[in-house]
There are 2 protein chains.
Amino acid sequence: MSGFGIFADTEYARRLADVKARMEKAGFDLIICQDPANMCWLTGYDGWSFYVPQCVLVHLEEERPIWFGRAQDAKSARMTTGLPERNIVPFSERLVQQPVEHPYDELADLIRARGWGRARIGVEMDAHYYTARCHAHLVQGLPEARFANNHDLVNWARLIKSDAELALIREAGQICSHAMNHAIGKMRPGVPQNHIVAEIYHAQIMGVPGAGGDYAAICPLMPVGEGTSTPHLTWTDEPLPDNGLAILEIAGVRRRYHAALTRTVHFGKPPKAYLDMAKAIVEGVDAGLELARPSNTCEQVEAAWQAVLRKNGLRKESRVGYPVGLAYPPDWGERTASLRPGDTTELQPGMCFHFMAGVWLDDFGVAISESFVVTERGGERLCNVARELIIID
Amino acid sequence: MSGFGIFADTEYARRLADVKARMEKAGFDLIICQDPANMCWLTGYDGWSFYVPQCVLVHLEEERPIWFGRAQDAKSARMTTGLPERNIVPFSERLVQQPVEHPYDELADLIRARGWGRARIGVEMDAHYYTARCHAHLVQGLPEARFANNHDLVNWARLIKSDAELALIREAGQICSHAMNHAIGKMRPGVPQNHIVAEIYHAQIMGVPGAGGDYAAICPLMPVGEGTSTPHLTWTDEPLPDNGLAILEIAGVRRRYHAALTRTVHFGKPPKAYLDMAKAIVEGVDAGLELARPSNTCEQVEAAWQAVLRKNGLRKESRVGYPVGLAYPPDWGERTASLRPGDTTELQPGMCFHFMAGVWLDDFGVAISESFVVTERGGERLCNVARELIIID
């Protein structure tokens with residue numbers, strides 16, 4: 001472990017150079033990154049402090065990024081990044097959740113103090129924690145600056161994973177496979193739903209030999225019965241049914257890097273319609289992964305999937321995948337490319353996606369997803385769990 | 001379980017009436033609530049879908065709230081709320097994470113279609129997921145509306161808990177005590193940190209007899225050694241030390257209601273300075289809880305705590321507490337009152353706080369916090385775990 005986060009200093013330097021090149025091209029002097037994954041990717045900063053305003057600044061003329069955050073978290077920045085002391089700038093504790101003043105008043109002060117008050121500033125307008133109020137205080141505090149949406153510039157820079165990142169994502173895939181298989185092994189009619197989720201969490205955090213687990217950006221999702229017709233319901237204390245469906249969507253996480261997976265279980269003998277749907281979904285994933293190779297586009301992968309669905313009389317309206325990797329709550333997706341019509345992003349080796357192969361109908365749903373890495377031979381699965389409707393009878 | 005969330009219809013009706021009265025007083029026709037806890041409190045809506053824009057609308061002249069969210073989550077709204085179909089309004093799937101269009105373009109359409117295009121609209125400018133871009137699209141889409149920050153109007157309405165809410169929070173306290181005691185029982189030098197965290201998650205989700213656990217708004221925090229000098233570090237695979245400190249900050253959660261707790265463990269014989277600091281912190285909490293009764297203020301509780309610290313040559317710069325209850329990631333605090341100087345909020349029975357009694361020095365920290373409910377007899381603890389520096393030798 002180097003002083004500068006969990007990767008080699010050269011890797012952080014390469015990331016920063018890439019980001020600065022993108023900034024020049026987009027016409028920014030300064031970008032303000034509040035997405036916790038962008039903060040970590042740029043500096044190594046890691047801690048559950050993203051519920052207060054904080055960010056990493058990158059300026060074209062400043063060699064290293066600047067961490068800006070709450071005073072009591074500055075020590076976390078000293079411990080998890082290799083940034084020099086002058087690049088770790090705490091804001092005053094009294095500004096936390098104050099109705100009038102705001103931490104970004106002091107961020108504006110900092111930017112002016114560095115002589116960047118007239119900079120062309122790119123902000124992450126749609127990052128989860130960059131609130132309307134963060135933006136308002138910043139704009140008010142920097143009347144001479146020119147603000148624009150940086151359109152997830154750093155998220156886009158994260159799209160192709162390095163070998164060091166892929167090594168962590170592969171470990172995450174192993175953790176995910178282990179947790180999913182463990183959960184499926186525990187699922188029986190009558191077992192309270194929360195007991196299964198407790199087992200999933202335990203397995204996620206224990207990890208696999210040599211690779212302990214980290215918290216996932218999304219809690220284990222386990223819709224049951226009619227709940228399978230919508231993807232984001234969480235568990236209850238109710239027992240698993242004697243007859244019916246349950247979907248499990250979970251991730252394995254290694255040092256904040258995610259691999260996600262979905263499987264569908266049927267308790268009792270499944271109706272033919274469910275088996276047919278599962279078969280079509282698995283075939284659709286195969287068709288998509290076959291095309292997930294360099295120079296093909298995101299929409300081509302989706303079209304291959306959708307063609308199989310259509311052939312089987314099915315349809316999925318929502319996009320069928322998104323990039324995964326370094327992530328913090330509330331989402332393990334990276335908010336850049338999508339596997340959907342109109343997305344002409346060209347696939348390149350080292351991109352990782354969650355192929356979110358699920359179909360949610362009015363009264364039930366089936367999902368059998370895969371996380372994969374783009375290779376010359378097509379999409380390579382990161383997890384290894386039975387690819388079928390799993391029957392527990 | 002009624003059709004309208006987990007509480008009785010009368011409770012939701014009372015909440016809504018209270019919110020509408022606050023809206024009239026503040027001069028709003030319409031408020032837009034994106035804080036997932038506000039959405040759940042107003043309607044019962046529950047699901048991990050807050051990573052996309054979604055909200056609940058309350059208009060003075062509309063009897064019931066309106067849920068607005070992603071198409072694939074509309075079924076979750078049908079299943080977890082009792083809202084009539086016309087008050088569940090999905091946005092188009094193609095708008096998810098699109099660079100040009102945004103779901104709130106359709107929200108603006110909805111507001112205009114209901115005849116509210118010229119309304120005085122209160123938005124949650126600093127809610128975690130109300131991004132700068134959400135606000136920009138809304139303002140652009142409703143050029144005749146008047147927008148203002150509603151200053152967490154619904155969060156403030158949540159400050160005093162009902163009996164039904166308190167029943168859940170007390171169960172959360174039991175879950176929290178159980179998980180903390182279980183974790184402490186497993187902590188030994190040499191055990192990898194993540195093994196302890198796996199046990200915590202398992203205990204949190206299993207809950208206690210009759211009350212299964214739910215996910216916490218913050219992951220288990222477990223800074224170790226020098227890491228105890230900063231509060232928000234998470235675990236690694238490293239073994240617990242033979243000699244040194246570890247802090248555990250966790251919550252118990254029952255149906256999204258939280259009780260949080262912090263304890264500090266020392267492996268081996270602790271230096272006198274640590275024991276003294278722990279003693280001062282426990283005494284400071286006692287002094288604060290003694291004053292946590294109706295008609296006293298938040299700042300009085302803090303002053304009582306700070307006086308004990310001062311007497312012991314210590315000082316905590318950050319606020320020493322915040323309200324807890326219904327919460328979603330990334331924070332179990334409610335972003336309203338704070339136990340700190342200048343906060344003259346009057347305490348009332350049924351308010352619940354996390355008394356975040358921790359002191360973080362340059363190279364170590366000690367934290368022994370309590371969650372409590374305000375009663376006529378002072379602050380009543382919601383958890384029951386040894387109140388001392390816990391020594392594991």
# chains A, B, ... in the order shown; residues from 1 in each chain; ligands from 1
>>> residues_around(residues="A:Met187", least_positions_apart="3", cutoff="12 Å", atoms="only C-alpha atoms", output="MDAnalysis selection string")
chainID A and resid 180:184 190:200 222 224 239:242 245:248 264:267 390:393
>>> select_by_dssp(residues="stretch 88-314 of chain A", states="alpha helix (DSSP H)", output="JSON, numbers by chain")
{"A": [103, 104, 105, 106, 107, 108, 109, 110, 111, 112, 113, 132, 133, 134, 135, 136, 137, 138, 139, 140, 141, 153, 154, 155, 156, 157, 163, 164, 165, 166, 167, 168, 169, 170, 171, 172, 173, 174, 175, 176, 177, 178, 179, 180, 181, 182, 183, 184, 185, 186, 193, 194, 195, 196, 197, 198, 199, 200, 201, 202, 203, 204, 205, 206, 272, 273, 274, 275, 276, 277, 278, 279, 280, 281, 282, 283, 284, 285, 286, 287, 288, 289, 290, 291, 298, 299, 300, 301, 302, 303, 304, 305, 306, 307, 308, 309, 310, 311]}
>>> residues_around(residues="B:Val96", least_positions_apart="4", cutoff="9 Å", atoms="only C-alpha atoms", output="MDAnalysis selection string")
(chainID A and resid 318:319) or (chainID B and resid 52:53 70 91:92 101:103)
>>> write_last_selection(atoms="C-alpha atoms", output="PDB file, in the first residue's frame")
ATOM      1  CA  SER A 318     -35.559   0.011 -19.388  1.00  0.00           C
ATOM      2  CA  ARG A 319     -31.890  -0.046 -20.313  1.00  0.00           C
TER       3      ARG A 319
ATOM      4  CA  VAL B  52     -32.741   8.105  -9.468  1.00  0.00           C
ATOM      5  CA  PRO B  53     -34.742  11.333  -9.164  1.00  0.00           C
ATOM      6  CA  ARG B  70     -39.275   5.782 -12.211  1.00  0.00           C
ATOM      7  CA  PHE B  91     -41.589   8.924 -15.463  1.00  0.00           C
ATOM      8  CA  SER B  92     -40.356   7.385 -18.703  1.00  0.00           C
ATOM      9  CA  GLU B 101     -33.339  15.212 -20.866  1.00  0.00           C
ATOM     10  CA  HIS B 102     -34.098  14.683 -17.186  1.00  0.00           C
ATOM     11  CA  PRO B 103     -36.935  13.023 -15.236  1.00  0.00           C
TER      12      PRO B 103
END
>>> residues_around(residues="A:Asn155", least_positions_apart="3", cutoff="9 Å", atoms="only C-alpha atoms", output="list in words")
Asp35, Ala37, Asn38, His151, Asp152, Arg158, Leu159, Glu334, Arg335 and Thr336 of chain A
>>> write_last_selection(atoms="N, CA, C and O atoms", output="mmCIF file, in the first residue's frame")
data_model
loop_
_atom_site.group_PDB
_atom_site.id
_atom_site.type_symbol
_atom_site.label_atom_id
_atom_site.label_comp_id
_atom_site.auth_asym_id
_atom_site.auth_seq_id
_atom_site.Cartn_x
_atom_site.Cartn_y
_atom_site.Cartn_z
ATOM 1 N N ASP A 35 -18.886 13.478 -6.281
ATOM 2 C CA ASP A 35 -19.173 12.043 -6.313
ATOM 3 C C ASP A 35 -18.087 11.329 -5.490
ATOM 4 O O ASP A 35 -16.901 11.416 -5.813
ATOM 5 N N ALA A 37 -17.108 8.378 -5.364
ATOM 6 C CA ALA A 37 -16.279 7.455 -6.155
ATOM 7 C C ALA A 37 -15.232 8.233 -6.943
ATOM 8 O O ALA A 37 -14.088 7.784 -7.094
ATOM 9 N N ASN A 38 -15.593 9.405 -7.433
ATOM 10 C CA ASN A 38 -14.602 10.230 -8.130
ATOM 11 C C ASN A 38 -13.538 10.732 -7.159
ATOM 12 O O ASN A 38 -12.348 10.777 -7.490
ATOM 13 N N HIS A 151 -20.537 17.276 -16.999
ATOM 14 C CA HIS A 151 -21.107 16.068 -17.607
ATOM 15 C C HIS A 151 -20.351 14.803 -17.219
ATOM 16 O O HIS A 151 -19.971 14.006 -18.072
ATOM 17 N N ASP A 152 -20.120 14.672 -15.901
ATOM 18 C CA ASP A 152 -19.529 13.440 -15.371
ATOM 19 C C ASP A 152 -18.186 13.117 -16.017
ATOM 20 O O ASP A 152 -17.893 11.961 -16.336
ATOM 21 N N ARG A 158 -13.331 7.035 -15.754
ATOM 22 C CA ARG A 158 -13.264 5.774 -14.999
ATOM 23 C C ARG A 158 -13.755 4.572 -15.816
ATOM 24 O O ARG A 158 -13.688 3.429 -15.342
ATOM 25 N N LEU A 159 -14.244 4.818 -17.004
ATOM 26 C CA LEU A 159 -14.971 3.771 -17.728
ATOM 27 C C LEU A 159 -14.102 2.547 -18.058
ATOM 28 O O LEU A 159 -14.536 1.406 -17.902
ATOM 29 N N GLU A 334 -22.261 3.636 -12.706
ATOM 30 C CA GLU A 334 -21.336 4.775 -12.837
ATOM 31 C C GLU A 334 -21.939 5.980 -13.546
ATOM 32 O O GLU A 334 -21.260 6.971 -13.765
ATOM 33 N N ARG A 335 -23.190 5.927 -13.971
ATOM 34 C CA ARG A 335 -23.901 7.062 -14.564
ATOM 35 C C ARG A 335 -23.225 7.587 -15.843
ATOM 36 O O ARG A 335 -23.151 8.783 -16.051
ATOM 37 N N THR A 336 -22.732 6.697 -16.665
ATOM 38 C CA THR A 336 -22.140 7.151 -17.945
ATOM 39 C C THR A 336 -22.850 6.422 -19.091
ATOM 40 O O THR A 336 -23.985 6.746 -19.402
#
>>> residues_around(residues="B:Met79", least_positions_apart="6", cutoff="12 Å", atoms="only C-alpha atoms", output="PyMOL selection string")
(chain A and resi 223-230+232-234+362-363) or (chain B and resi 1-6+43-47+73+85+88)
>>> residues_around(residues="B:Ser338", least_positions_apart="3", cutoff="10 Å", atoms="only C-alpha atoms", output="JSON list (two decimals) with C-alpha atoms, in the first residue's frame")
[["chain", "number", "residue", "atom", "x", "y", "z"],
["A", 96, "VAL", "CA", -22.46, 21.30, 9.31],
["A", 97, "GLN", "CA", -26.20, 21.38, 8.53],
["A", 98, "GLN", "CA", -26.62, 25.09, 9.20],
["B", 298, "CYS", "CA", -30.73, 21.88, 22.46],
["B", 299, "GLU", "CA", -27.94, 24.27, 23.36],
["B", 302, "GLU", "CA", -24.75, 20.72, 24.81],
["B", 319, "ARG", "CA", -22.04, 19.44, 17.60],
["B", 320, "VAL", "CA", -22.78, 16.68, 20.10],
["B", 321, "GLY", "CA", -26.00, 15.36, 18.69],
["B", 322, "TYR", "CA", -28.77, 15.34, 16.13],
["B", 323, "PRO", "CA", -32.26, 13.87, 15.79],
["B", 333, "GLY", "CA", -29.48, 12.13, 11.21],
["B", 334, "GLU", "CA", -32.52, 14.20, 10.31],
["B", 335, "ARG", "CA", -30.77, 17.50, 9.38],
["B", 341, "PRO", "CA", -24.35, 26.39, 20.82],
["B", 342, "GLY", "CA", -26.92, 28.69, 19.26],
["B", 343, "ASP", "CA", -29.56, 26.04, 18.71],
["B", 344, "THR", "CA", -32.52, 27.18, 20.78],
["B", 345, "THR", "CA", -34.91, 24.46, 19.65],
["B", 353, "PHE", "CA", -31.55, 12.28, 19.44],
["B", 354, "HIS", "CA", -28.24, 10.57, 18.98],
["B", 355, "PHE", "CA", -26.01, 12.09, 21.67]]
>>> select_by_dssp(residues="stretch 223-306 of chain A", states="strand (DSSP E or B)", output="number ranges by chain")
A: 224, 239, 244-254, 257-267, 297
>>> residues_around(residues="stretch 372-376 of chain B", least_positions_apart="6", cutoff="8 Å", atoms="only C-alpha atoms", output="list in words")
Ala292, Arg293, Pro294, Leu347, Gln348, Pro349, Gly350, Met351, Cys352, Phe353, His354, Phe355 and Leu382 of chain B
>>> closest_residue(among="A:Asn384, A:Val58, A:Ala337, A:Glu317", to="B:Arg94", atoms="only C-alpha atoms")
A:Glu317
>>> closest_residue(among="B:Lys279, B:His128, B:Arg188, B:Arg14", to="chain A", atoms="only C-alpha atoms")
B:His128
>>> atom_distance(atom1="atom CA of A:Asp214", atom2="atom CA of A:Val253")
5.1 Å
>>> atom_distance(atom1="atom CA of B:Glu24", atom2="atom CA of B:Lys161")
22.0 Å
>>> closest_residue(among="A:Val324, A:Val385, A:Leu361, A:Leu83", to="chain B", atoms="only C-alpha atoms")
A:Leu361
>>> atom_distance(atom1="atom CA of A:Lys25", atom2="atom CA of A:His135")
23.3 Å
>>> decode(residues="stretch 246-283 of chain A", atoms="C-alpha atoms", output="PDB file, in the first residue's frame")
ATOM      1  CA  ALA A 246     -37.969 -14.450  -5.207  1.00  0.00           C
ATOM      2  CA  ILE A 247     -35.282 -12.364  -6.876  1.00  0.00           C
ATOM      3  CA  LEU A 248     -31.903 -11.698  -5.308  1.00  0.00           C
ATOM      4  CA  GLU A 249     -29.804  -8.747  -6.503  1.00  0.00           C
ATOM      5  CA  ILE A 250     -26.516  -8.341  -4.683  1.00  0.00           C
ATOM      6  CA  ALA A 251     -22.927  -7.257  -5.208  1.00  0.00           C
ATOM      7  CA  GLY A 252     -19.594  -8.497  -4.033  1.00  0.00           C
ATOM      8  CA  VAL A 253     -17.322  -5.617  -3.114  1.00  0.00           C
ATOM      9  CA  ARG A 254     -13.555  -5.529  -2.743  1.00  0.00           C
ATOM     10  CA  ARG A 255     -12.041  -2.237  -1.579  1.00  0.00           C
ATOM     11  CA  ARG A 256     -15.008  -0.297  -2.978  1.00  0.00           C
ATOM     12  CA  TYR A 257     -14.936  -2.160  -6.351  1.00  0.00           C
ATOM     13  CA  HIS A 258     -18.167  -3.915  -7.227  1.00  0.00           C
ATOM     14  CA  ALA A 259     -19.383  -6.885  -9.219  1.00  0.00           C
ATOM     15  CA  ALA A 260     -23.177  -7.264  -9.164  1.00  0.00           C
ATOM     16  CA  LEU A 261     -25.392 -10.228  -9.894  1.00  0.00           C
ATOM     17  CA  THR A 262     -29.068 -11.146  -9.973  1.00  0.00           C
ATOM     18  CA  ARG A 263     -30.647 -14.572  -9.698  1.00  0.00           C
ATOM     19  CA  THR A 264     -34.239 -15.702  -9.495  1.00  0.00           C
ATOM     20  CA  VAL A 265     -35.436 -18.531  -7.307  1.00  0.00           C
ATOM     21  CA  HIS A 266     -38.714 -20.408  -7.534  1.00  0.00           C
ATOM     22  CA  PHE A 267     -40.097 -22.265  -4.538  1.00  0.00           C
ATOM     23  CA  GLY A 268     -42.043 -25.297  -5.644  1.00  0.00           C
ATOM     24  CA  LYS A 269     -42.705 -26.411  -9.202  1.00  0.00           C
ATOM     25  CA  PRO A 270     -42.520 -23.378 -11.481  1.00  0.00           C
ATOM     26  CA  PRO A 271     -45.128 -22.633 -14.160  1.00  0.00           C
ATOM     27  CA  LYS A 272     -43.869 -23.150 -17.684  1.00  0.00           C
ATOM     28  CA  ALA A 273     -44.148 -19.402 -18.371  1.00  0.00           C
ATOM     29  CA  TYR A 274     -41.480 -18.691 -15.749  1.00  0.00           C
ATOM     30  CA  LEU A 275     -39.150 -21.355 -17.091  1.00  0.00           C
ATOM     31  CA  ASP A 276     -39.578 -20.041 -20.614  1.00  0.00           C
ATOM     32  CA  MET A 277     -38.910 -16.497 -19.519  1.00  0.00           C
ATOM     33  CA  ALA A 278     -35.764 -17.525 -17.649  1.00  0.00           C
ATOM     34  CA  LYS A 279     -34.555 -19.427 -20.678  1.00  0.00           C
ATOM     35  CA  ALA A 280     -35.114 -16.416 -22.928  1.00  0.00           C
ATOM     36  CA  ILE A 281     -33.275 -14.138 -20.500  1.00  0.00           C
ATOM     37  CA  VAL A 282     -30.249 -16.426 -20.302  1.00  0.00           C
ATOM     38  CA  GLU A 283     -30.201 -16.724 -24.097  1.00  0.00           C
TER      39      GLU A 283
END
